[in-house]
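Quick look at start38.txt (compact mmCIF, C-alpha atoms):
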# COMPACT_ATOMS: atom_id res chain seq x y z
CA MET C 1 115.51 121.62 49.87
CA LYS C 2 118.41 122.79 52.02
CA LEU C 3 118.82 121.23 55.47
CA GLY C 4 117.40 124.27 57.26
CA THR C 5 114.24 124.08 55.18
CA LYS C 6 113.96 120.32 55.73
CA CYS C 7 114.11 120.90 59.51
CA ILE C 8 110.86 122.84 59.23
CA GLN C 9 109.04 121.57 56.15
CA THR C 10 109.57 117.80 55.95
CA GLY C 11 107.67 115.12 57.84
CA TRP C 12 104.15 116.46 58.40
CA GLN C 13 102.47 117.48 55.16
CA PRO C 14 99.07 118.98 56.04
CA LYS C 15 96.26 118.65 53.53
CA ASN C 16 93.34 121.01 53.02
CA GLY C 17 91.88 121.83 56.43
CA ASP C 18 94.54 119.90 58.42
CA PRO C 19 96.39 121.44 61.38
CA ARG C 20 99.40 123.46 60.23
CA VAL C 21 101.52 122.04 63.07
CA LEU C 22 102.12 118.30 63.51
CA PRO C 23 99.38 117.01 65.85
CA ILE C 24 99.83 114.47 68.64
CA TYR C 25 98.07 111.20 67.85
CA GLN C 26 97.75 110.19 71.48
CA SER C 27 96.17 106.81 70.85
CA THR C 28 97.35 103.25 71.31
CA THR C 29 94.97 101.82 68.71
CA PHE C 30 93.34 102.54 65.35
CA LYS C 31 89.96 101.46 63.93
CA PHE C 32 89.43 99.34 60.81
CA ASP C 33 86.44 98.03 58.90
CA THR C 34 87.40 94.44 58.04
CA VAL C 35 89.19 91.55 59.69
CA ASP C 36 90.99 90.71 56.44
CA TYR C 37 92.57 94.16 56.22
CA VAL C 38 93.86 93.95 59.80
CA GLY C 39 95.26 90.50 59.03
CA GLU C 40 97.11 91.92 56.04
CA LEU C 41 98.54 94.63 58.27
CA PHE C 42 100.01 91.93 60.50
CA ASP C 43 101.44 90.29 57.36
CA LEU C 44 103.18 93.61 56.48
CA LYS C 45 101.18 93.93 53.24
CA HIS C 46 100.08 97.48 54.14
CA SER C 47 101.89 100.31 55.90
CA ASP C 48 98.98 101.73 57.90
CA HIS C 49 99.27 102.19 61.66
CA PHE C 50 97.42 99.68 63.79
CA TYR C 51 99.16 99.71 67.18
CA THR C 52 101.44 102.44 68.54
CA ARG C 53 104.01 99.95 69.82
CA LEU C 54 104.95 99.46 66.16
CA SER C 55 104.08 102.81 64.58
CA ASN C 56 102.08 105.96 65.08
CA PRO C 57 101.20 108.88 62.75
CA THR C 58 103.02 111.47 64.90
CA LEU C 59 106.12 109.31 65.17
CA GLU C 60 106.08 108.49 61.46
CA CYS C 61 106.20 112.17 60.51
CA VAL C 62 109.20 112.77 62.77
CA GLU C 63 110.92 109.64 61.47
CA ASN C 64 110.45 110.87 57.90
CA LYS C 65 111.93 114.25 58.81
CA ILE C 66 115.04 112.74 60.41
CA SER C 67 115.46 110.30 57.53
CA ALA C 68 115.31 113.21 55.10
CA LEU C 69 117.90 115.15 57.11
CA GLU C 70 120.33 112.20 57.14
CA GLY C 71 119.57 111.18 53.56
CA GLY C 72 118.23 107.72 54.41
CA VAL C 73 115.47 105.44 53.15
CA GLY C 74 113.72 105.15 56.51
CA ALA C 75 114.00 105.72 60.25
CA LEU C 76 112.73 104.21 63.50
CA LEU C 77 112.20 106.23 66.68
CA THR C 78 112.89 104.51 70.00
CA SER C 79 112.30 105.29 73.65
CA ALA C 80 115.96 106.25 74.29
CA GLY C 81 119.30 106.53 72.55
CA MET C 82 120.49 103.33 74.20
CA SER C 83 117.52 101.37 72.82
CA ALA C 84 118.33 102.76 69.36
CA THR C 85 121.90 101.49 69.64
CA PHE C 86 120.78 98.11 70.98
CA ILE C 87 118.22 97.55 68.22
CA ALA C 88 120.62 98.83 65.56
CA VAL C 89 123.23 96.18 66.36
CA MET C 90 120.95 93.32 67.39
CA ASN C 91 118.96 93.74 64.18
CA ILE C 92 122.09 92.24 62.59
CA LEU C 93 123.73 90.15 65.31
CA GLU C 94 122.89 86.75 66.76
CA ALA C 95 124.51 84.57 69.42
CA GLY C 96 127.87 83.42 68.10
CA ASP C 97 128.49 86.59 66.08
CA HIS C 98 131.30 89.10 66.49
CA MET C 99 131.37 92.89 66.13
CA ILE C 100 134.06 95.58 66.22
CA SER C 101 133.69 98.91 68.02
CA THR C 102 135.97 101.86 68.52
CA SER C 103 136.96 102.19 72.18
CA CYS C 104 136.31 105.95 72.41
CA ILE C 105 132.54 105.84 72.82
CA TYR C 106 129.89 106.87 75.34
CA GLY C 107 130.19 104.96 78.64
CA GLY C 108 126.69 103.49 78.44
CA THR C 109 127.41 102.15 74.96
CA TYR C 110 130.75 100.74 76.12
CA ASN C 111 128.98 98.93 78.93
CA LEU C 112 126.31 97.59 76.54
CA PHE C 113 129.01 96.18 74.27
CA SER C 114 131.42 94.95 76.94
CA VAL C 115 128.97 93.50 79.50
CA THR C 116 125.45 93.00 78.14
CA LEU C 117 126.09 91.76 74.58
CA PRO C 118 128.55 89.05 75.70
CA LYS C 119 125.79 87.69 77.97
CA MET C 120 123.77 87.24 74.79
CA GLY C 121 126.55 85.35 73.08
CA VAL C 122 127.96 88.24 71.07
CA GLU C 123 131.72 88.85 71.11
CA VAL C 124 132.93 92.45 70.89
CA THR C 125 136.44 93.65 70.05
CA PHE C 126 137.36 97.25 70.88
CA ILE C 127 139.90 98.94 68.62
CA ASP C 128 141.86 102.18 68.54
CA GLN C 129 140.17 104.17 65.79
CA ASP C 130 143.42 106.03 65.05
CA ALA C 131 145.42 102.82 64.51
CA PRO C 132 146.75 102.00 61.02
CA GLU C 133 144.30 100.23 58.72
CA GLU C 134 146.26 96.97 58.74
CA GLU C 135 146.11 96.86 62.55
CA ILE C 136 142.33 97.40 62.57
CA ALA C 137 141.89 94.88 59.74
CA ALA C 138 143.50 92.23 61.96
CA ALA C 139 140.54 92.53 64.37
CA PHE C 140 138.07 91.13 61.80
CA LYS C 141 137.04 87.50 62.15
CA PRO C 142 135.04 85.14 59.92
CA ASN C 143 131.96 85.82 62.09
CA THR C 144 132.35 89.64 62.28
CA LYS C 145 129.03 91.21 61.30
CA LEU C 146 129.40 94.97 61.86
CA VAL C 147 131.63 97.90 62.83
CA PHE C 148 130.51 100.67 65.22
CA GLY C 149 131.88 104.14 65.98
CA GLU C 150 130.93 107.69 66.98
CA THR C 151 131.39 110.67 64.67
CA ILE C 152 132.55 112.76 67.64
CA ALA C 153 133.27 110.56 70.65
CA ASN C 154 131.59 111.31 73.97
CA PRO C 155 133.43 112.69 75.96
CA ALA C 156 136.94 112.26 74.45
CA LEU C 157 135.90 114.34 71.39
CA SER C 158 138.00 112.27 69.01
CA VAL C 159 136.78 112.57 65.41
CA LEU C 160 136.24 109.34 63.52
CA ASP C 161 137.75 108.91 60.07
CA ILE C 162 134.47 107.68 58.62
CA GLU C 163 135.83 106.97 55.16
CA LYS C 164 138.61 104.82 56.59
CA MET C 165 136.25 102.84 58.81
CA ALA C 166 133.73 102.42 55.99
CA ARG C 167 136.47 101.15 53.68
CA LEU C 168 137.62 98.62 56.29
CA ALA C 169 134.07 97.49 57.10
CA HIS C 170 133.05 97.11 53.45
CA SER C 171 136.25 95.28 52.50
CA HIS C 172 135.12 92.64 55.01
CA ASP C 173 131.47 92.69 53.83
CA CYS C 174 130.31 94.42 57.03
CA PRO C 175 128.07 97.48 57.50
CA LEU C 176 129.34 100.53 59.37
CA ILE C 177 127.06 101.93 62.10
CA ILE C 178 127.75 105.50 63.23
CA ASP C 179 126.45 107.30 66.33
CA ASN C 180 125.98 110.82 64.97
CA THR C 181 124.48 112.35 68.14
CA PHE C 182 126.94 115.21 68.69
CA PRO C 183 127.20 116.59 65.12
CA THR C 184 123.60 115.85 64.06
CA PRO C 185 123.01 115.83 60.28
CA ILE C 186 123.39 119.61 60.30
CA LEU C 187 127.15 119.32 60.83
CA CYS C 188 127.86 115.85 59.39
CA ARG C 189 125.97 113.36 57.24
CA PRO C 190 127.83 110.05 57.63
CA PHE C 191 126.03 108.37 54.71
CA GLU C 192 127.87 110.72 52.38
CA TRP C 193 131.17 109.29 53.68
CA GLY C 194 130.25 105.61 53.37
CA ALA C 195 128.41 104.80 56.62
CA ASP C 196 125.44 102.45 56.28
CA ILE C 197 123.35 103.02 59.42
CA VAL C 198 123.18 106.01 61.76
CA VAL C 199 121.89 106.21 65.34
CA HIS C 200 121.18 109.23 67.53
CA ALA C 201 120.24 109.90 71.09
CA THR C 202 117.56 112.41 70.11
CA THR C 203 117.52 113.37 73.80
CA LYS C 204 120.49 115.59 73.01
CA TYR C 205 120.77 118.26 70.28
CA MET C 206 117.83 117.06 68.20
CA ASP C 207 115.43 117.67 71.09
CA GLY C 208 117.57 120.56 72.29
CA HIS C 209 115.41 121.50 75.28
CA ALA C 210 116.08 118.57 77.66
CA LEU C 211 112.35 117.78 77.57
CA ALA C 212 112.08 114.31 76.03
CA ILE C 213 114.26 111.19 76.07
CA GLY C 214 114.45 109.35 72.76
CA GLY C 215 116.55 107.70 70.10
CA VAL C 216 116.44 107.03 66.38
CA ILE C 217 117.92 104.62 63.85
CA VAL C 218 118.31 105.73 60.22
CA ASP C 219 118.97 103.30 57.37
CA SER C 220 120.89 104.51 54.30
CA GLY C 221 119.55 101.65 52.19
CA ASN C 222 123.02 101.33 50.65
CA PHE C 223 124.36 98.14 52.21
CA ASP C 224 124.03 94.93 50.21
CA TRP C 225 122.72 92.38 52.71
CA ASN C 226 123.24 89.67 50.08
CA SER C 227 126.99 90.32 50.15
CA GLY C 228 129.59 87.64 50.72
CA ARG C 229 129.16 87.69 54.51
CA LYS C 230 125.84 85.97 55.14
CA PHE C 231 123.14 88.03 56.90
CA ALA C 232 120.57 85.26 57.05
CA ASN C 233 118.36 87.02 59.61
CA ILE C 234 117.70 89.77 57.02
CA THR C 235 117.83 87.85 53.74
CA ASP C 236 116.30 84.48 54.66
CA LYS C 237 112.67 83.72 55.36
CA ASP C 238 111.34 84.89 58.73
CA PRO C 239 109.11 82.20 60.28
CA SER C 240 107.44 84.83 62.49
CA TYR C 241 106.06 86.48 59.32
CA HIS C 242 104.98 83.39 57.37
CA GLY C 243 108.32 82.96 55.64
CA LEU C 244 108.72 86.57 54.46
CA SER C 245 112.22 87.64 53.32
CA TYR C 246 112.92 91.28 54.18
CA THR C 247 115.30 91.84 51.30
CA GLU C 248 112.89 90.30 48.79
CA ALA C 249 109.85 92.16 50.12
CA PHE C 250 111.34 95.56 50.99
CA GLY C 251 114.53 95.93 48.97
CA LYS C 252 116.70 98.81 50.14
CA ALA C 253 114.49 99.31 53.22
CA ALA C 254 114.94 95.68 54.40
CA TYR C 255 117.04 96.56 57.45
CA ILE C 256 114.81 99.29 58.86
CA VAL C 257 111.58 97.34 58.20
CA LYS C 258 113.02 94.34 60.05
CA ALA C 259 114.06 96.58 62.95
CA ARG C 260 110.47 97.75 63.33
CA ALA C 261 108.56 94.58 62.46
CA GLN C 262 110.73 92.18 64.45
CA LEU C 263 112.83 93.95 67.11
CA MET C 264 110.39 96.74 68.03
CA ARG C 265 107.56 94.21 67.97
CA ASP C 266 109.38 91.96 70.44
CA LEU C 267 111.15 94.54 72.64
CA GLY C 268 108.52 97.28 72.76
CA CYS C 269 110.92 100.19 73.37
CA GLN C 270 108.77 102.56 71.31
CA ALA C 271 108.89 106.34 71.60
CA ALA C 272 105.80 108.01 73.07
CA PRO C 273 103.74 110.20 70.70
CA MET C 274 104.14 113.17 73.05
CA ASN C 275 107.92 112.75 72.99
CA GLY C 276 107.82 112.56 69.20
CA PHE C 277 105.87 115.82 69.13
CA LEU C 278 108.38 117.53 71.46
CA LEU C 279 111.26 116.19 69.38
CA ASN C 280 109.73 117.72 66.27
CA VAL C 281 109.56 121.10 67.98
CA GLY C 282 113.28 120.83 68.65
CA LEU C 283 114.09 119.73 65.11
CA GLU C 284 112.52 122.88 63.69
CA THR C 285 115.36 125.02 65.11
CA LEU C 286 118.17 122.44 64.91
CA HIS C 287 119.95 124.18 62.03
CA LEU C 288 120.03 127.46 63.93
CA ARG C 289 121.06 126.00 67.27
CA MET C 290 123.93 123.87 65.96
CA LYS C 291 125.58 126.96 64.46
CA GLN C 292 125.28 128.83 67.76
CA HIS C 293 126.48 125.86 69.84
CA SER C 294 129.52 125.47 67.60
CA SER C 295 130.35 129.18 67.53
CA ASN C 296 130.07 129.50 71.32
CA ALA C 297 132.10 126.34 71.91
CA LEU C 298 134.98 127.47 69.71
CA GLN C 299 135.22 130.81 71.53
CA LEU C 300 135.05 129.14 74.94
CA ALA C 301 137.65 126.55 73.91
CA GLU C 302 140.00 129.36 72.89
CA PHE C 303 139.43 130.98 76.30
CA PHE C 304 140.23 127.71 78.09
CA GLU C 305 143.30 127.20 75.91
CA ALA C 306 144.77 130.50 77.14
CA HIS C 307 143.84 130.08 80.83
CA PRO C 308 146.69 129.13 83.23
CA LYS C 309 144.47 126.89 85.38
CA VAL C 310 143.48 124.65 82.47
CA GLU C 311 146.03 121.92 81.66
CA TRP C 312 144.61 120.89 78.31
CA VAL C 313 141.62 121.38 76.02
CA ASN C 314 140.03 118.89 73.61
CA TYR C 315 137.92 120.53 70.95
CA PRO C 316 138.31 119.51 67.31
CA GLY C 317 137.66 123.07 66.13
CA LEU C 318 140.94 124.29 67.65
CA LYS C 319 143.73 124.52 65.10
CA ASN C 320 146.23 122.68 67.29
CA ASP C 321 143.80 119.90 68.21
CA LYS C 322 144.81 116.37 67.24
CA TYR C 323 141.60 115.97 65.23
CA TYR C 324 141.52 119.39 63.57
CA ALA C 325 142.29 118.05 60.09
CA LEU C 326 139.58 115.38 60.32
CA SER C 327 137.12 117.94 61.67
CA GLN C 328 137.75 120.18 58.68
CA LYS C 329 137.06 117.23 56.40
CA TYR C 330 133.92 115.88 58.06
CA LEU C 331 132.70 118.87 60.14
CA PRO C 332 133.68 122.06 58.27
CA ASP C 333 130.57 123.95 59.39
CA GLY C 334 131.08 123.40 63.12
CA GLN C 335 132.17 120.82 65.67
CA SER C 336 129.17 120.89 68.06
CA GLY C 337 129.02 122.46 71.51
CA VAL C 338 130.91 119.91 73.62
CA ILE C 339 134.39 120.59 75.01
CA SER C 340 136.58 118.45 77.28
CA ILE C 341 139.11 120.19 79.52
CA GLY C 342 141.66 119.11 82.11
CA VAL C 343 141.56 121.33 85.18
CA LYS C 344 144.80 121.68 87.11
CA GLY C 345 144.69 119.92 90.47
CA GLY C 346 143.49 116.53 89.22
CA ARG C 347 140.13 115.10 90.28
CA GLU C 348 139.93 117.39 93.31
CA GLY C 349 140.60 120.48 91.22
CA ALA C 350 138.03 119.45 88.63
CA VAL C 351 135.36 118.90 91.29
CA ARG C 352 136.11 122.25 93.01
CA PHE C 353 135.88 124.04 89.66
CA MET C 354 132.57 122.40 88.76
CA GLU C 355 131.02 123.32 92.09
CA LYS C 356 131.86 127.01 91.55
CA VAL C 357 130.00 127.58 88.27
CA LYS C 358 126.81 129.62 88.48
CA LEU C 359 125.35 130.06 84.99
CA ALA C 360 126.42 126.57 84.00
CA ALA C 361 124.69 123.68 85.78
CA LEU C 362 126.02 120.38 87.06
CA VAL C 363 123.68 117.93 85.33
CA VAL C 364 123.85 114.36 84.02
CA HIS C 365 123.08 115.52 80.52
CA VAL C 366 124.72 117.05 77.50
CA ALA C 367 123.79 118.93 74.35
CA ASP C 368 120.79 121.08 75.16
CA ALA C 369 120.26 124.83 75.03
CA ARG C 370 121.72 125.43 78.51
CA THR C 371 125.40 125.34 79.39
CA SER C 372 126.30 122.47 81.71
CA VAL C 373 129.27 120.58 83.16
CA LEU C 374 129.91 116.97 84.12
CA HIS C 375 132.78 114.89 85.55
CA PRO C 376 132.84 111.72 83.39
CA ALA C 377 135.16 109.64 85.63
CA SER C 378 132.81 110.12 88.62
CA GLU C 379 129.48 110.15 86.78
CA THR C 380 128.62 108.88 83.27
CA HIS C 381 131.63 106.54 83.02
CA ARG C 382 132.01 105.55 86.70
CA GLN C 383 131.11 101.91 85.92
CA LEU C 384 134.33 101.55 83.91
CA SER C 385 137.66 100.37 85.31
CA ASP C 386 140.73 102.63 85.24
CA LYS C 387 141.97 100.71 82.21
CA GLN C 388 138.66 101.13 80.42
CA LEU C 389 138.58 104.84 81.31
CA THR C 390 141.99 105.23 79.70
CA GLU C 391 140.81 103.37 76.58
CA CYS C 392 137.86 105.77 76.37
CA GLY C 393 140.18 108.77 76.66
CA ILE C 394 138.98 109.79 80.13
CA SER C 395 141.30 111.08 82.87
CA PRO C 396 140.55 112.08 86.51
CA GLU C 397 140.92 115.81 85.79
CA MET C 398 138.58 115.77 82.78
CA VAL C 399 135.50 117.99 82.84
CA ARG C 400 132.99 117.77 80.01
CA VAL C 401 131.52 121.16 79.16
CA SER C 402 128.33 121.30 77.14
CA VAL C 403 128.21 124.84 75.77
CA GLY C 404 124.70 126.23 75.42
CA ILE C 405 123.29 128.97 73.24
CA GLU C 406 123.39 131.75 75.84
CA ASP C 407 125.43 134.87 75.13
CA ILE C 408 129.06 133.79 74.86
CA GLU C 409 130.30 136.70 77.00
CA ASP C 410 128.15 135.50 79.90
CA ILE C 411 129.31 131.91 79.42
CA ILE C 412 132.99 132.90 79.46
CA ALA C 413 132.47 135.16 82.48
CA ASP C 414 130.95 132.27 84.44
CA PHE C 415 133.83 129.90 83.74
CA GLU C 416 136.38 132.65 84.40
CA GLN C 417 134.99 133.31 87.88
CA ALA C 418 134.84 129.57 88.62
CA LEU C 419 138.48 129.07 87.63
CA ASP C 420 139.50 132.14 89.65
Please, can you express the file's structure as structure tokens?
Amino acid sequence: MKLGTKCIQTGWQPKNGDPRVLPIYQSTTFKFDTVDYVGELFDLKHSDHFYTRLSNPTLECVENKISALEGGVGALLTSAGMSATFIAVMNILEAGDHMISTSCIYGGTYNLFSVTLPKMGVEVTFIDQDAPEEEIAAAFKPNTKLVFGETIANPALSVLDIEKMARLAHSHDCPLIIDNTFPTPILCRPFEWGADIVVHATTKYMDGHALAIGGVIVDSGNFDWNSGRKFANITDKDPSYHGLSYTEAFGKAAYIVKARAQLMRDLGCQAAPMNGFLLNVGLETLHLRMKQHSSNALQLAEFFEAHPKVEWVNYPGLKNDKYYALSQKYLPDGQSGVISIGVKGGREGAVRFMEKVKLAALVVHVADARTSVLHPASETHRQLSDKQLTECGISPEMVRVSVGIEDIEDIIADFEQALD
């Protein structure tokens, strides 16, 4: 099936007499007939649902849909995008390990890596994703366990050379984890370019309506956890499951099963069934919305590019953008609906501009059906130092514009009056 068909048809497969639309299994628990069977569920010998903190029928259907869209072997929904990122990396890392991340990433992720993970004994090195391969290769250490990056960085809008990063990661026996939130699998499927694990804040385009917070981890099943760099917490026997080895028991799905059975079990950051249901409603129109977001954003970016009160525009769909060539390689069908602009007048000019929009809204959100604006230096990234802001590609005059799916003429008219 094509991606647009998968958005609608995969996941929930109703049988004779079942509801046509995915139902909400709003239950914490499930009934069984024998103690032995429940015991075998706890031993991971069966895949039935027995407690919603670990799995739920509604959530499973949505996980299967997203896994199908990304081309993975399995997925795990979480309560937020940040919990998806945390589980994705900590499913691999332990105290004493090292990881590499690109510096142009979402501010919350930067803070997780630079502040929280070091408190857990994990060392993180931030690199310039555009640096030559030999320079990035020098950042690897004997205890490096993974590489992390964003397909389209939030809010710098730099485009990651996924093939390059995958080549570097794999040459050092490390998996590559990609945050694919902005493109979604409609515009880019990182597994096809060598990535091993993908995360999303489903709160954004996948939900599309700003109704439900959530996240997801998708496992490609392609990384060899028995490679030269030892991943004992995945390959060796787990004492919390009677000595079970995830790679021996679950093969290509070892990583995602461990994420659910161990990390979700212990952390409990599970998505709610209602949020899974709402996410599925959004996924059914994802293929249509991403085309409209991308089309609107390109036209608005061209408007900004020609406006005398806009100093600069970052949008990888523009032909003179630094990342245009990479966007044509990895994102030929569209570059999402997010634009970064520099308004003349510095921070003060940016703030004045944002407070004059009418159709667009000033919200701490991005990537839903409605056009919105945000000032990263004052809001989402305000916890970062000036040096860290520069590393993330954020300047005082930057405004992040999330272009919705309204009529583009109305969107342009709103920003034109605000700039005037």
**Item:** Who sits within 8 Å of Phe277 (chain C), all atoms listed in the file, same chain under 2 positions skipped, as a PyMOL selection string
**Value:** chain C and resi 22-24+58-59+62+273-275+279-281
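Between Asp407 (chain C) and the candidates C:Asp368, C:Ala195, C:Leu318, C:Asn296, the tightest atom-to-atom separation, counting only C-alpha atoms, involves C:Asn296.
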**Residues within 9 Å of Glu391 (chain C), only C-alpha atoms, excluding chain neighbours under 5 positions, as a PyMOL selection string** = chain C and resi 103-104+128+386
**Message:** Applying 8 Å and only C-alpha atoms, which residues near region 245-261 of chain C remain after dropping the ones on its own chain fewer than 2 positions away? List them as a ChimeraX atom specification.
**Reply:** /C:54,73-76,87-88,91,217-219,221-223,225,234-238,243,263-265
**Spatial neighbours of Lys141 (chain C), max dist 10 Å, all atoms listed in the file, sep filter under 2 positions, as a ChimeraX atom specification** = /C:97-100,137-139,143-145,172
**Item:** Among the residues C:Gly108, C:His49, C:Ala369, C:Ala350, the one that comes closest to Asp207 (chain C) [using all atoms listed in the file]
**Value:** C:Ala369
**Request:** Determine the nearest neighbour of Gly149 (chain C) from the options C:Gln26, C:Thr102, C:Thr202, C:Asn180, counting all atoms listed in the file.
**Result:**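 Between C:Gln26, C:Thr102, C:Thr202, C:Asn180, the residue approaching Gly149 (chain C) most closely is C:Thr102.
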**Message:** From the options C:Asn154, C:Asn56, C:Ser220, C:Gln129, which residue's atoms come nearest to Val366 (chain C), counting only C-alpha atoms?
**Reply:**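 With only C-alpha atoms as the atom set, the closest residue is C:Asn154.
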**Close residues, Ile408 (chain C) itself excluded, 12 Å, only C-alpha atoms, min 6 positions apart in chain, as a VMD selection string** = chain C and resid 292 to 303 337 359 to 360 370 to 371 414 to 415
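Distance-wise, CA of Glu192 (chain C) and CA of Leu326 (chain C) end up 14.9 Å apart.
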**Fill in**
If you count all atoms listed in the file, the residue of C:Cys61, C:Ile162, C:Ala80, C:Val363 closest to Ala271 (chain C) turns out to be C:Ala80
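Computed from the coordinates, the CA of Ile127 (chain C) to CA of Asp333 (chain C) distance equals 28.2 Å.
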**Message:** I need the residue nearest Gly71 (chain C) from this list: C:Trp193, C:Phe304, C:Phe30, C:Tyr37. Use only C-alpha atoms for the distance.
**Reply:** C:Trp193
**Prompt:** What is the distance, in Å and to one decimal place, between CA of Lys322 (chain C) and CA of Met206 (chain C)?
**Reply:**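 Between CA of Lys322 (chain C) and CA of Met206 (chain C) the gap is 27.0 Å.
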